[in-house]
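Data block below; observations after.
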Amino acid sequence: MYVEENLVFFNNSFEDKNELFDFMADVLEKEGYVTEEFREAIKIREENYPTGLKLTTMNVAIVHTEAIYSQTDKLVILKLGKPIVFNNIETLQPLEVDFIIGLILKDSEKHLQILKNVSQLLQSEEAIDSIKNTASHEELLKMMIKYFNEKRSLL
Amino acid sequence: MTKKIVIACGAGLATSTMILQKVDEYLKELGLKYTITQSQIYELDMYDGEADLFITSMRIDQSKYKTPILLGMPFLVGMNEDTLKEEIKQVLMK
């Protein structure tokens, strides 16, 4: 299962993206889902290759590292309490992001389907709007489980 | 002739895979013979001049490369996809 209750966060606030990455690394290390190097690797990677995406109604960052730092295939989901400044993946310009999808991906063959689902989520205005309108952790969790765990493919 | 397309992002993993899925679909539609390679942005030098098209997640300086570069962003966010498809077609079918 890609989505787990303890990897979905609602309304947390962080000063900046490094604070967010430390938070993610703490949770993921505790679960044994990433190696110790993950913490620095994700910060460096985001610095060199930003992952902020400007969507119609909400901006999203799809943060990830190289596969070697992942011990499993999971998604970390955060709907933030206040936006964090990332950079736009294409233009590198600053971009305020409200929703984070952390791609913890170990195996490049197996994760094709999950990437397809992430991609379809990003491209569905309806899905993005419903994420934007979620009002509780429970609601967000339910939606993410439905989206990523229950549907094999949305095609 | 077989067209060679290289799709590149930071890690050569997530973003390029998402772009690849869409490019693959479109090229099938066009009925071209093609190969797609996934790479990291810093590896593009290796393919420069040999590949017919680079599609990247991040804006990179075209003047450093002989191979034409297009941005894959529309395929990530689902906006302006038709414009990108038209550009891909123009590069590959010229």
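In the structure tokens, chains take the letters A, B, ... in the order shown, each chain's residues start at 1, and ligands count up from 1 in the order shown.
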request  = Restrict the distance test to only C-alpha atoms, flag each residue of chain B within 8 Å of chain A, and return the flagged residues as a list in words.
outcome  =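 Applying the cut-off to the listed atoms yields Cys9, Gly10, Ala11, Leu13, Ala14, Thr17, Met18, Gln21, Ser57, Met58, Arg59, Leu71, Met73, Leu76, Val77, Gly78 and Met79 of chain B.
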request  = Write out as a list in words the residues lying within 9 Å of Asn6 in chain A, counting only C-alpha atoms and excluding same-chain residues fewer than 2 positions away.
outcome  = Val3, Glu4, Val8, Phe9, Val27 and Val76 of chain A
Could you write those residues out with all heavy atoms, as a PDB file, in the first residue's frame?
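And here is the file that came out, result35.pdb:
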ATOM      1  N   VAL A   3      -0.174   4.457   0.399  1.00  0.00           N
ATOM      2  CA  VAL A   3      -0.581   5.470   1.368  1.00  0.00           C
ATOM      3  C   VAL A   3      -0.831   4.813   2.721  1.00  0.00           C
ATOM      4  O   VAL A   3      -1.521   3.807   2.812  1.00  0.00           O
ATOM      5  CB  VAL A   3      -1.881   6.171   0.891  1.00  0.00           C
ATOM      6  CG1 VAL A   3      -2.402   7.121   1.961  1.00  0.00           C
ATOM      7  CG2 VAL A   3      -1.631   6.923  -0.405  1.00  0.00           C
ATOM      8  N   GLU A   4      -0.224   5.373   3.762  1.00  0.00           N
ATOM      9  CA  GLU A   4      -0.436   4.884   5.129  1.00  0.00           C
ATOM     10  C   GLU A   4      -0.899   6.043   5.985  1.00  0.00           C
ATOM     11  O   GLU A   4      -0.460   7.181   5.782  1.00  0.00           O
ATOM     12  CB  GLU A   4       0.893   4.394   5.720  1.00  0.00           C
ATOM     13  CG  GLU A   4       1.353   3.087   5.157  1.00  0.00           C
ATOM     14  CD  GLU A   4       2.662   2.638   5.798  1.00  0.00           C
ATOM     15  OE1 GLU A   4       3.134   3.300   6.753  1.00  0.00           O
ATOM     16  OE2 GLU A   4       3.201   1.642   5.330  1.00  0.00           O
ATOM     17  N   VAL A   8       0.326  10.512   6.140  1.00  0.00           N
ATOM     18  CA  VAL A   8      -0.552  11.569   5.614  1.00  0.00           C
ATOM     19  C   VAL A   8      -0.703  12.639   6.687  1.00  0.00           C
ATOM     20  O   VAL A   8      -1.044  12.331   7.830  1.00  0.00           O
ATOM     21  CB  VAL A   8      -1.942  11.002   5.237  1.00  0.00           C
ATOM     22  CG1 VAL A   8      -2.890  12.121   4.803  1.00  0.00           C
ATOM     23  CG2 VAL A   8      -1.815   9.970   4.125  1.00  0.00           C
ATOM     24  N   PHE A   9      -0.411  13.875   6.313  1.00  0.00           N
ATOM     25  CA  PHE A   9      -0.407  14.966   7.297  1.00  0.00           C
ATOM     26  C   PHE A   9      -1.306  16.102   6.846  1.00  0.00           C
ATOM     27  O   PHE A   9      -1.285  16.502   5.689  1.00  0.00           O
ATOM     28  CB  PHE A   9       1.023  15.471   7.506  1.00  0.00           C
ATOM     29  CG  PHE A   9       1.942  14.396   8.016  1.00  0.00           C
ATOM     30  CD1 PHE A   9       2.676  13.627   7.127  1.00  0.00           C
ATOM     31  CD2 PHE A   9       2.030  14.121   9.372  1.00  0.00           C
ATOM     32  CE1 PHE A   9       3.503  12.602   7.588  1.00  0.00           C
ATOM     33  CE2 PHE A   9       2.837  13.102   9.834  1.00  0.00           C
ATOM     34  CZ  PHE A   9       3.588  12.346   8.943  1.00  0.00           C
ATOM     35  N   VAL A  27      10.160  11.075  10.285  1.00  0.00           N
ATOM     36  CA  VAL A  27       9.080  10.084  10.201  1.00  0.00           C
ATOM     37  C   VAL A  27       9.543   8.853   9.418  1.00  0.00           C
ATOM     38  O   VAL A  27       9.356   7.708   9.842  1.00  0.00           O
ATOM     39  CB  VAL A  27       7.841  10.701   9.511  1.00  0.00           C
ATOM     40  CG1 VAL A  27       6.766   9.653   9.287  1.00  0.00           C
ATOM     41  CG2 VAL A  27       7.285  11.853  10.337  1.00  0.00           C
ATOM     42  N   VAL A  76       4.376  10.059   0.792  1.00  0.00           N
ATOM     43  CA  VAL A  76       4.149  10.924   1.944  1.00  0.00           C
ATOM     44  C   VAL A  76       3.293  12.085   1.441  1.00  0.00           C
ATOM     45  O   VAL A  76       3.623  12.705   0.430  1.00  0.00           O
ATOM     46  CB  VAL A  76       5.474  11.490   2.507  1.00  0.00           C
ATOM     47  CG1 VAL A  76       5.200  12.329   3.750  1.00  0.00           C
ATOM     48  CG2 VAL A  76       6.437  10.371   2.838  1.00  0.00           C
TER      49      VAL A  76
END
key: Residue contacts of Tyr47 in chain B (12 Å, only C-alpha atoms) excluding same-chain residues fewer than 3 positions away, as an MDAnalysis selection string   = chainID B and resid 4:8 36:44 50:54 65:69
Selection file, N, CA, C and O atoms, as a compact mmCIF listing (two decimals), in the first residue's frame:
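The new file again.txt reads:
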# COMPACT_ATOMS: atom_id res chain seq x y z
N LYS B 4 15.18 9.30 -32.22
CA LYS B 4 15.68 9.04 -30.87
C LYS B 4 15.31 10.20 -29.95
O LYS B 4 15.71 11.34 -30.18
N ILE B 5 14.55 9.88 -28.92
CA ILE B 5 14.12 10.91 -27.98
C ILE B 5 14.71 10.62 -26.61
O ILE B 5 14.69 9.47 -26.15
N VAL B 6 15.27 11.63 -25.98
CA VAL B 6 15.78 11.47 -24.61
C VAL B 6 14.94 12.34 -23.69
O VAL B 6 14.74 13.53 -23.95
N ILE B 7 14.43 11.74 -22.62
CA ILE B 7 13.63 12.47 -21.65
C ILE B 7 14.42 12.56 -20.35
O ILE B 7 14.85 11.55 -19.81
N ALA B 8 14.64 13.79 -19.90
CA ALA B 8 15.54 13.96 -18.75
C ALA B 8 14.92 14.79 -17.64
O ALA B 8 14.20 15.75 -17.88
N ILE B 36 12.86 5.74 -26.93
CA ILE B 36 12.91 6.74 -25.87
C ILE B 36 13.92 6.28 -24.82
O ILE B 36 13.89 5.13 -24.38
N THR B 37 14.81 7.17 -24.46
CA THR B 37 15.77 6.90 -23.39
C THR B 37 15.47 7.86 -22.25
O THR B 37 15.17 9.02 -22.48
N GLN B 38 15.57 7.35 -21.02
CA GLN B 38 15.37 8.21 -19.85
C GLN B 38 16.74 8.56 -19.29
O GLN B 38 17.60 7.69 -19.20
N SER B 39 16.94 9.81 -18.91
CA SER B 39 18.26 10.14 -18.39
C SER B 39 18.19 11.24 -17.34
O SER B 39 17.13 11.81 -17.09
N GLN B 40 19.32 11.49 -16.72
CA GLN B 40 19.41 12.62 -15.81
C GLN B 40 19.90 13.82 -16.62
O GLN B 40 20.60 13.65 -17.61
N ILE B 41 19.53 15.01 -16.17
CA ILE B 41 19.85 16.19 -16.95
C ILE B 41 21.36 16.32 -17.20
O ILE B 41 21.79 16.62 -18.31
N TYR B 42 22.15 16.00 -16.19
CA TYR B 42 23.61 16.18 -16.38
C TYR B 42 24.21 15.18 -17.37
O TYR B 42 25.34 15.34 -17.81
N GLU B 43 23.43 14.16 -17.73
CA GLU B 43 23.94 13.17 -18.69
C GLU B 43 23.63 13.54 -20.15
O GLU B 43 24.04 12.83 -21.06
N LEU B 44 22.90 14.62 -20.36
CA LEU B 44 22.44 14.95 -21.71
C LEU B 44 23.58 15.13 -22.71
O LEU B 44 23.42 14.83 -23.89
N GLU B 50 23.27 13.34 -31.23
CA GLU B 50 22.82 12.02 -31.70
C GLU B 50 21.32 11.87 -31.58
O GLU B 50 20.68 11.23 -32.41
N ALA B 51 20.78 12.42 -30.51
CA ALA B 51 19.33 12.32 -30.31
C ALA B 51 18.63 13.35 -31.19
O ALA B 51 19.19 14.39 -31.51
N ASP B 52 17.38 13.04 -31.58
CA ASP B 52 16.61 13.97 -32.40
C ASP B 52 15.88 15.00 -31.54
O ASP B 52 15.54 16.08 -32.01
N LEU B 53 15.63 14.64 -30.29
CA LEU B 53 14.88 15.55 -29.43
C LEU B 53 15.16 15.25 -27.96
O LEU B 53 15.20 14.10 -27.55
N PHE B 54 15.37 16.33 -27.20
CA PHE B 54 15.42 16.21 -25.75
C PHE B 54 14.11 16.79 -25.19
O PHE B 54 13.68 17.86 -25.62
N TYR B 65 23.41 23.07 -26.53
CA TYR B 65 23.13 21.76 -27.13
C TYR B 65 22.76 21.88 -28.61
O TYR B 65 22.13 22.84 -29.03
N LYS B 66 23.16 20.85 -29.37
CA LYS B 66 22.79 20.81 -30.78
C LYS B 66 21.37 20.22 -30.94
O LYS B 66 20.62 20.61 -31.81
N THR B 67 21.06 19.24 -30.11
CA THR B 67 19.74 18.61 -30.17
C THR B 67 18.66 19.58 -29.68
O THR B 67 18.85 20.23 -28.65
N PRO B 68 17.55 19.68 -30.43
CA PRO B 68 16.48 20.58 -29.98
C PRO B 68 15.89 20.12 -28.64
O PRO B 68 15.76 18.93 -28.38
N ILE B 69 15.56 21.11 -27.80
CA ILE B 69 15.03 20.81 -26.47
C ILE B 69 13.61 21.35 -26.34
O ILE B 69 13.35 22.51 -26.68
task = Within chain A, find each residue whose DSSP state, derived from the backbone, is alpha helix (DSSP H), and express the selection as a ChimeraX atom specification.
result = /A:17-31,38-48,112-123,125-132,137-144
request  = Fewer than 6 positions away in the same chain doesn't count, so skip those; otherwise give me all residues within 12 Å of Ala135 in chain A, counting only C-alpha atoms, as a list in words.
outcome  = Phe9, Phe10, Asn11, Lys79, Leu80, Gly81, Leu141, Lys142 and Met143 of chain A
query = In range 92-140 of chain A, what's strand (DSSP E) per DSSP? Answer as a ChimeraX atom specification?
reply = /A:94-104
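CA of Val97 in chain A to CA of Asn59 in chain A spans 4.8 Å [interatomic distance, one decimal].
Closest to Ile19 in chain B among B:Val91, B:Met46, B:Leu70, B:Ile60 is B:Leu70, based on only C-alpha atoms.
With distances restricted to only C-alpha atoms, A:Met58 is the closest residue to Leu95 in chain A from A:Met58, A:Ile68, A:Leu75, A:Ala25.
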